Amino acid sequence: MEPSVEKLPSIERRTTVLIWLISIHTSLLIASNAGGAKMIAVPGGLAASATVFSYAITFPLCDVINELFGKRAARLAVNVGLVGLVLSVAFFQLSIWAPAADFWKGQEAYVTTLGLGPRILLGGWLSYIIGNHVDVAVFHWIRRRTGDRAFWLRKNASTAVSQAVDTVIFMTVAFGGVFPIADAIPGQYLLKLAVAVVCTPLSYLIIRAARRFMTEGKSN
């Protein structure tokens with residue numbers, strides 16, 4: 001007989017928090033895959049991919065995971081995110097290939113939005129895996145020197161370095177030779193960095209709430 005729900009062991013609070021954070025991180029990455037085809041205008045005559053909003057948040061979120069659970073957990077989040085990216089692309093492609101119903105008139109727009117080309121896929125996956133592992137490494141390197149102090153410093157410094165790596169790789173591989181990436185790289189980078197910096201207070205709130213939740217679990 002299968003055990004009843006009441007008799008199943010509860011998930012440890014630390015594990016619950018980590019599952020939530022990794023799930024949100026992966027969901028934002030999948031949203032980035034869906035929104036990657038559109039280029040948006042940035043003040044100053046610059047341009048950026050629409051993924052800049054959801055994708056940029058994944059970096060401070062990964063830093064929160066690193067702060068709460070350490071480097072191994074942050075790397076796990078990065079690797080799980082990559083699997084999510086690959087699976088979402090596979091599903092998008094399968095849905096594009098599936099025969100359209102006779103009354104469906106949106107196939108062309110659907111393909112334009114979700115049919116990511118091989119260069120965009122390669123650029124996105126390369127920039128993601130390299131940029132995020134750079135973020136984890138730089139964050140951990142700074143933390144060894146600051147201890148528990150100055151989370152804002154290691155969060156924003158690691159993001160500044162990793163976002164630069166990520167942006168240059170993605171724009172070069174995905175769009176090099178297609179349009180002037182010299183205009184797109186600064187806009188993409190500055191907008192990502194701005195989003196990450198603005199998220200700093202929210203990162204502190206998430207860390208504080210998570211630690212309180214996990215501490216209450218120990219005392220009960």
# chains A, B, ... in the order shown; residues from 1 in each chain; ligands from 1
call {"tool": "select_by_dssp", "arguments": {"residues": "chain A", "states": "helix (DSSP H, G or I)", "output": "ChimeraX atom specification"}}
result
/A:5-7,13-35,52-69,71-97,107-114,118-146,151-175,181-198,200-219
call {"tool": "residues_around", "arguments": {"residues": "stretch 13-23 of chain A", "least_positions_apart": "5", "cutoff": "8 Å", "atoms": "only C-alpha atoms", "output": "short mmCIF file (atom, residue, chain, number, x, y, z; two decimals) with all heavy atoms, in the first residue's frame"}}
result
data_model
loop_
_atom_site.label_atom_id
_atom_site.label_comp_id
_atom_site.auth_asym_id
_atom_site.auth_seq_id
_atom_site.Cartn_x
_atom_site.Cartn_y
_atom_site.Cartn_z
N LEU A 61 19.20 36.71 -9.17
CA LEU A 61 18.56 35.56 -8.53
C LEU A 61 19.57 34.46 -8.28
O LEU A 61 19.56 33.80 -7.23
CB LEU A 61 17.42 35.06 -9.41
CG LEU A 61 16.47 34.04 -8.80
CD1 LEU A 61 15.85 34.58 -7.52
CD2 LEU A 61 15.37 33.68 -9.79
N ILE A 65 20.86 32.74 -4.65
CA ILE A 65 21.07 31.31 -4.40
C ILE A 65 22.49 31.07 -3.90
O ILE A 65 22.72 30.30 -2.95
CB ILE A 65 20.79 30.49 -5.67
CG1 ILE A 65 19.31 30.60 -6.06
CG2 ILE A 65 21.18 29.02 -5.48
CD1 ILE A 65 18.97 29.98 -7.39
N PHE A 69 22.98 29.43 -0.30
CA PHE A 69 23.27 28.00 -0.33
C PHE A 69 24.68 27.66 -0.81
O PHE A 69 25.07 26.50 -0.77
CB PHE A 69 22.24 27.29 -1.22
CG PHE A 69 20.82 27.47 -0.77
CD1 PHE A 69 19.99 28.39 -1.39
CD2 PHE A 69 20.32 26.74 0.30
CE1 PHE A 69 18.68 28.57 -0.97
CE2 PHE A 69 19.01 26.91 0.73
CZ PHE A 69 18.20 27.83 0.10
N ALA A 77 21.69 25.53 -10.11
CA ALA A 77 20.65 26.38 -10.70
C ALA A 77 20.98 26.72 -12.15
O ALA A 77 20.10 26.70 -13.02
CB ALA A 77 20.48 27.66 -9.88
N VAL A 80 20.47 23.46 -14.25
CA VAL A 80 19.05 23.18 -14.41
C VAL A 80 18.43 24.16 -15.40
O VAL A 80 17.60 23.80 -16.23
CB VAL A 80 18.32 23.24 -13.05
CG1 VAL A 80 16.80 23.19 -13.24
CG2 VAL A 80 18.77 22.10 -12.14
N GLY A 81 18.85 25.42 -15.31
CA GLY A 81 18.36 26.43 -16.24
C GLY A 81 18.69 26.09 -17.68
O GLY A 81 17.87 26.30 -18.59
N ALA A 210 13.91 34.52 3.24
CA ALA A 210 14.30 33.11 3.15
C ALA A 210 14.98 32.64 4.43
O ALA A 210 14.69 31.56 4.94
CB ALA A 210 15.23 32.90 1.96
N PHE A 213 12.41 32.29 7.17
CA PHE A 213 11.61 31.09 6.94
C PHE A 213 12.38 29.84 7.35
O PHE A 213 11.84 28.94 8.01
CB PHE A 213 11.21 31.02 5.47
CG PHE A 213 10.44 29.80 5.09
CD1 PHE A 213 9.08 29.68 5.38
CD2 PHE A 213 11.06 28.74 4.43
CE1 PHE A 213 8.37 28.55 5.03
CE2 PHE A 213 10.35 27.61 4.07
CZ PHE A 213 9.00 27.51 4.37
N MET A 214 13.66 29.76 6.98
CA MET A 214 14.46 28.58 7.29
C MET A 214 14.78 28.49 8.77
O MET A 214 14.81 27.40 9.36
CB MET A 214 15.74 28.58 6.46
CG MET A 214 15.48 28.38 4.97
SD MET A 214 16.99 28.20 3.96
CE MET A 214 17.67 29.87 4.05
N GLY A 217 11.84 27.23 10.77
CA GLY A 217 11.69 25.78 10.59
C GLY A 217 12.55 25.02 11.59
O GLY A 217 12.18 23.95 12.07
#
call {"tool": "atom_distance", "arguments": {"atom1": "atom CA of A:Asn66", "atom2": "atom CA of A:Gly84"}}
result
19.4 Å
call {"tool": "closest_atom_pairs", "arguments": {"of": "stretch 166-212 of chain A", "to": "stretch 141-154 of chain A", "cutoff": "12 Å", "atoms": "only C-alpha atoms", "output": "JSON lines"}}
result
{"residue": "A:Ala196", "atom": "CA", "partner": "A:Trp152", "partner_atom": "CA", "distance": 10.7}
{"residue": "A:Val197", "atom": "CA", "partner": "A:Trp152", "partner_atom": "CA", "distance": 8.9}
{"residue": "A:Val198", "atom": "CA", "partner": "A:Trp152", "partner_atom": "CA", "distance": 11.1}
{"residue": "A:Cys199", "atom": "CA", "partner": "A:Trp152", "partner_atom": "CA", "distance": 10.3}
{"residue": "A:Thr200", "atom": "CA", "partner": "A:Trp152", "partner_atom": "CA", "distance": 6.7}
{"residue": "A:Pro201", "atom": "CA", "partner": "A:Trp152", "partner_atom": "CA", "distance": 8.8}
{"residue": "A:Leu202", "atom": "CA", "partner": "A:Trp152", "partner_atom": "CA", "distance": 11.1}
{"residue": "A:Ser203", "atom": "CA", "partner": "A:Trp152", "partner_atom": "CA", "distance": 8.9}
{"residue": "A:Tyr204", "atom": "CA", "partner": "A:Phe151", "partner_atom": "CA", "distance": 8.4}
{"residue": "A:Ile207", "atom": "CA", "partner": "A:Phe151", "partner_atom": "CA", "distance": 10.2}
call {"tool": "atom_distance", "arguments": {"atom1": "atom CA of A:Ile120", "atom2": "atom CA of A:Pro60"}}
result
23.4 Å
call {"tool": "atom_distance", "arguments": {"atom1": "atom CA of A:Gly131", "atom2": "atom CA of A:Arg208"}}
result
26.4 Å
call {"tool": "residues_around", "arguments": {"residues": "A:Leu114", "least_positions_apart": "4", "cutoff": "8 Å", "atoms": "only C-alpha atoms", "output": "number ranges by chain"}}
result
A: 33-35, 37, 92-93, 110
call {"tool": "select_by_dssp", "arguments": {"residues": "stretch 35-219 of chain A", "states": "strand (DSSP E)", "output": "PyMOL selection string"}}
result
chain A and resi 39-42+46-49
call {"tool": "write_last_selection", "arguments": {"atoms": "N, CA and C atoms", "output": "PDB file, in the first residue's frame"}}
result
ATOM      1  N   MET A  39      13.649  43.038 -30.954  1.00  0.00           N
ATOM      2  CA  MET A  39      14.616  44.055 -30.556  1.00  0.00           C
ATOM      3  C   MET A  39      13.854  45.303 -30.144  1.00  0.00           C
ATOM      4  N   ILE A  40      14.237  45.884 -29.004  1.00  0.00           N
ATOM      5  CA  ILE A  40      13.543  47.064 -28.499  1.00  0.00           C
ATOM      6  C   ILE A  40      14.480  48.264 -28.503  1.00  0.00           C
ATOM      7  N   ALA A  41      13.884  49.455 -28.547  1.00  0.00           N
ATOM      8  CA  ALA A  41      14.660  50.692 -28.541  1.00  0.00           C
ATOM      9  C   ALA A  41      15.060  51.045 -27.119  1.00  0.00           C
ATOM     10  N   VAL A  42      16.294  51.513 -26.965  1.00  0.00           N
ATOM     11  CA  VAL A  42      16.827  51.937 -25.682  1.00  0.00           C
ATOM     12  C   VAL A  42      17.197  53.416 -25.811  1.00  0.00           C
ATOM     13  N   LEU A  46      20.190  53.487 -28.834  1.00  0.00           N
ATOM     14  CA  LEU A  46      20.714  52.124 -28.744  1.00  0.00           C
ATOM     15  C   LEU A  46      19.565  51.127 -28.865  1.00  0.00           C
ATOM     16  N   ALA A  47      19.913  49.849 -28.897  1.00  0.00           N
ATOM     17  CA  ALA A  47      18.907  48.790 -29.029  1.00  0.00           C
ATOM     18  C   ALA A  47      19.271  47.632 -28.116  1.00  0.00           C
ATOM     19  N   ALA A  48      18.279  46.781 -27.832  1.00  0.00           N
ATOM     20  CA  ALA A  48      18.511  45.608 -26.990  1.00  0.00           C
ATOM     21  C   ALA A  48      17.456  44.569 -27.302  1.00  0.00           C
ATOM     22  N   SER A  49      17.762  43.309 -26.986  1.00  0.00           N
ATOM     23  CA  SER A  49      16.790  42.239 -27.142  1.00  0.00           C
ATOM     24  C   SER A  49      15.749  42.350 -26.035  1.00  0.00           C
TER      25      SER A  49
END
call {"tool": "residues_around", "arguments": {"residues": "A:Cys62", "least_positions_apart": "5", "cutoff": "9 Å", "atoms": "only C-alpha atoms", "output": "PyMOL selection string"}}
result
chain A and resi 21-22+25+57+67+74-75+77-78+132+135-136
call {"tool": "write_last_selection", "arguments": {"atoms": "N, CA, C and O atoms", "output": "short mmCIF file (atom, residue, chain, number, x, y, z; two decimals), in the first residue's frame"}}
result
data_model
loop_
_atom_site.label_atom_id
_atom_site.label_comp_id
_atom_site.auth_asym_id
_atom_site.auth_seq_id
_atom_site.Cartn_x
_atom_site.Cartn_y
_atom_site.Cartn_z
N LEU A 21 13.45 28.96 -5.63
CA LEU A 21 14.37 29.88 -6.30
C LEU A 21 14.83 29.32 -7.65
O LEU A 21 14.90 30.05 -8.65
N ILE A 22 15.17 28.03 -7.69
CA ILE A 22 15.60 27.43 -8.96
C ILE A 22 14.45 27.39 -9.95
O ILE A 22 14.65 27.63 -11.16
N HIS A 25 14.03 30.88 -11.34
CA HIS A 25 15.18 31.14 -12.20
C HIS A 25 14.98 30.48 -13.57
O HIS A 25 15.17 31.11 -14.62
N ILE A 57 17.16 39.45 -14.74
CA ILE A 57 16.80 39.14 -13.36
C ILE A 57 17.41 37.81 -12.91
O ILE A 57 17.63 37.58 -11.72
N GLU A 67 24.39 33.19 -2.31
CA GLU A 67 24.50 33.75 -0.97
C GLU A 67 23.90 32.84 0.08
O GLU A 67 24.47 32.66 1.16
N ALA A 74 24.40 27.24 -6.59
CA ALA A 74 24.28 28.21 -7.68
C ALA A 74 24.61 27.56 -9.02
O ALA A 74 23.94 27.81 -10.03
N ARG A 75 25.64 26.72 -9.05
CA ARG A 75 25.97 26.01 -10.28
C ARG A 75 24.86 25.04 -10.67
O ARG A 75 24.58 24.85 -11.86
N ALA A 77 21.69 25.53 -10.11
CA ALA A 77 20.65 26.38 -10.70
C ALA A 77 20.98 26.72 -12.15
O ALA A 77 20.10 26.70 -13.02
N VAL A 78 22.25 27.02 -12.42
CA VAL A 78 22.68 27.34 -13.78
C VAL A 78 22.48 26.14 -14.70
O VAL A 78 21.95 26.27 -15.82
N ASN A 132 26.99 32.79 -16.82
CA ASN A 132 26.51 32.46 -15.49
C ASN A 132 27.56 31.78 -14.63
O ASN A 132 27.63 32.02 -13.42
N ASP A 135 29.68 34.46 -13.40
CA ASP A 135 29.00 35.14 -12.30
C ASP A 135 29.19 34.40 -10.98
O ASP A 135 29.52 35.01 -9.95
N VAL A 136 28.99 33.09 -11.00
CA VAL A 136 29.14 32.28 -9.79
C VAL A 136 30.57 32.35 -9.28
O VAL A 136 30.81 32.52 -8.07
#
call {"tool": "closest_residue", "arguments": {"among": "A:Ile96, A:Ala194, A:Val111, A:Leu87", "to": "A:Asn156", "atoms": "only C-alpha atoms"}}
result
A:Ala194
call {"tool": "closest_residue", "arguments": {"among": "A:Val165, A:Met171, A:Val195, A:Ala137", "to": "A:Gly70", "atoms": "only C-alpha atoms"}}
result
A:Ala137
call {"tool": "closest_residue", "arguments": {"among": "A:Trp104, A:Ser88, A:Ala174, A:His140", "to": "A:Lys71", "atoms": "only C-alpha atoms"}}
result
A:His140
call {"tool": "closest_residue", "arguments": {"among": "A:Ala73, A:Leu82, A:Ile129, A:Leu191", "to": "A:Ser54", "atoms": "only C-alpha atoms"}}
result
A:Leu191
call {"tool": "residues_around", "arguments": {"residues": "A:Thr159", "least_positions_apart": "4", "cutoff": "7 Å", "atoms": "only C-alpha atoms", "output": "ChimeraX atom specification"}}
result
/A:59,135,155,163
call {"tool": "closest_residue", "arguments": {"among": "A:Leu190, A:Val64, A:Val86, A:Ala182", "to": "A:Ile206", "atoms": "only C-alpha atoms"}}
result
A:Val64
